[in-house]
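Below is one structure, written out as structure tokens; the observations come after it.
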Amino acid sequence: MHTDPDIQLMLRCGEGDNEAFRKLFVRYRTKIINYCFRFCADRSIAEDLGQEVFLRMYRAAPKYRPDAGFRTWLFTIATNVCLNDARRKRGQAGTLSIDAPIFTAEGTAMPEIDDPTGHPAGRLLDHEQETIVQAALTKLPDKQRAALLLRIHHEFSYSEIAAQLHCSEGAVKTLIHRGRRVLAEILTPYFKEGT
Amino acid sequence: MKTDCIFSASISPYIDDELSAEDTERLRLHLKTCSACRNQLRVLSAMEVQLAAMPPITPSPDFDRTFWQKIDALEEKRRQPAWKQWLNGDRLREWRPALAAAAGVLILCGTFLFTQRPSETGFSADEIVMSQNLELLTDYEIVRHLDFLEQWMDFSENDATDA
């Protein structure tokens with residue numbers, strides 16, 4: 001008998017209990033959409049990806065086996081959906097740069113990076129800060145981005161991330177380490193003095 | 001940002017609390033003497049705060065409605081008979097090239113077998129054609145010696161002229 005309430009709900013989904021599915025959907029939709037949003041940097045695409053994640057979850061319900069934690073299982077689906085989408089779109093759309101318009105939680109914005117120290121004490125406004133960090137994230141290779149987001153925003157352990165990315169824990173350690181270093185190189189000028 | 005220090009790679013798992021107790025202690029001791037690693041830890045930790053502080057977005061009001069519409073469509077599809085599900089599904093699209101190739105092979109095989117099939121009487125197609133034209137074949141001997149006949153007719157005509 002599984003003590004994880006989410007696993008119990010998911011098992012009930014497999015038996016055709018739509019109310020159980022609805023509870024899981026409500027519990028996880030914001031987290032999944034945010035994960036997709038931070039991955040692809042586009043709100044509309046993030047919602048499409050989020051819907052695809054929950055549709056896959058719904059279709060998979062009858063065959064669901066609680067081998068791992070439910071959250072890990074759901075984010076594995078989300079990671080696969082995001083990575084597949086990125087793979088499909090690669091070449092169609094250019095990558096975002098830190099001097100290009102970018103989507104944020106508050107809408108489209110243009111990062112002002114010409115003179116970051118122009119603000120008092122080099123401190124960036126919250127919105128600009130988010131814009132620049134999001135743009136820097138999109139510069140990372142897909143798997144590095146996924147690993148970092150899973151770690152920092154969703155607090156998965158290295159072993160859980162390894163299961164989601166289908167790689168070893170050592171590989172996850174390297175992905176996160178490299179991702180952090182690349183991000184730091186891009187963002188260091190904005191952290192100087194005042195952050 | 002880059003440092004050649006061998007402890008550099010341990011800083012990220014240290015932030016994530018993924019180092020063993022022994023390695024954590026070793027890194028802490030090292031940080032007391034290595035300014036490059038201390039700097040790296042400071043920069044990465046600051047960035048961590050920035051990343052974690054990114055505000056979450058909320059799903060648009062349409063998100064739920066669109067999703068449940070998709071679920072209804074899926075359920076509607078599931079209620080269809082199996083063969084209809086298969087015909088309307090993605091599976092058929094995946095199998096389409098293979099099915100087209102199989103149909104082509106079947107048509108070729110069918111054509112070949114039909115043309116090569118012996119008749120029910122045991123006669124070949126040529127023999128049947130001959131039997132249907134037996135009247136013509138009774139003159140076969142004459143036709144076979146057509147040259148001789150022509151020569152004979154020429155000879156007869158010459159005789160008549162000479163006379």
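We label chains A, B, ... in the order they appear in the structure tokens, count residues from 1 in each chain, and number ligands from 1 in the order shown.
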**Request:** Excluding Val53 in chain A and residues on its chain fewer than 5 positions from it, collect all residues at most 8 Å away from it, counting only C-alpha atoms, and give them as a VMD selection string.
**Result:** chain A and resid 74 77 to 78 81
Selection above as a file: C-alpha atoms, as an mmCIF file, in the first residue's frame:
data_model
loop_
_atom_site.group_PDB
_atom_site.id
_atom_site.type_symbol
_atom_site.label_atom_id
_atom_site.label_comp_id
_atom_site.auth_asym_id
_atom_site.auth_seq_id
_atom_site.Cartn_x
_atom_site.Cartn_y
_atom_site.Cartn_z
ATOM 1 C CA LEU A 74 4.963 13.554 -13.790
ATOM 2 C CA ILE A 77 6.673 13.380 -18.737
ATOM 3 C CA ALA A 78 7.028 17.170 -18.626
ATOM 4 C CA VAL A 81 7.528 16.936 -23.674
#
**Prompt:** What residues in chain B have any atom no more than 6 Å from chain A when counting only C-alpha atoms, and can you write them as a PyMOL selection string?
**Reply:** chain B and resi 12+54+57
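One distance worth recording is that between CA of Cys34 in chain B and CA of Ile11 in chain B, which is 12.2 Å.
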**Message:** Rounded to one decimal, what separation in Å do you get between CA of Ala41 in chain A and CA of Leu24 in chain A?
**Reply:**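 Computed distance, CA of Ala41 in chain A to CA of Leu24 in chain A, equals 24.6 Å.
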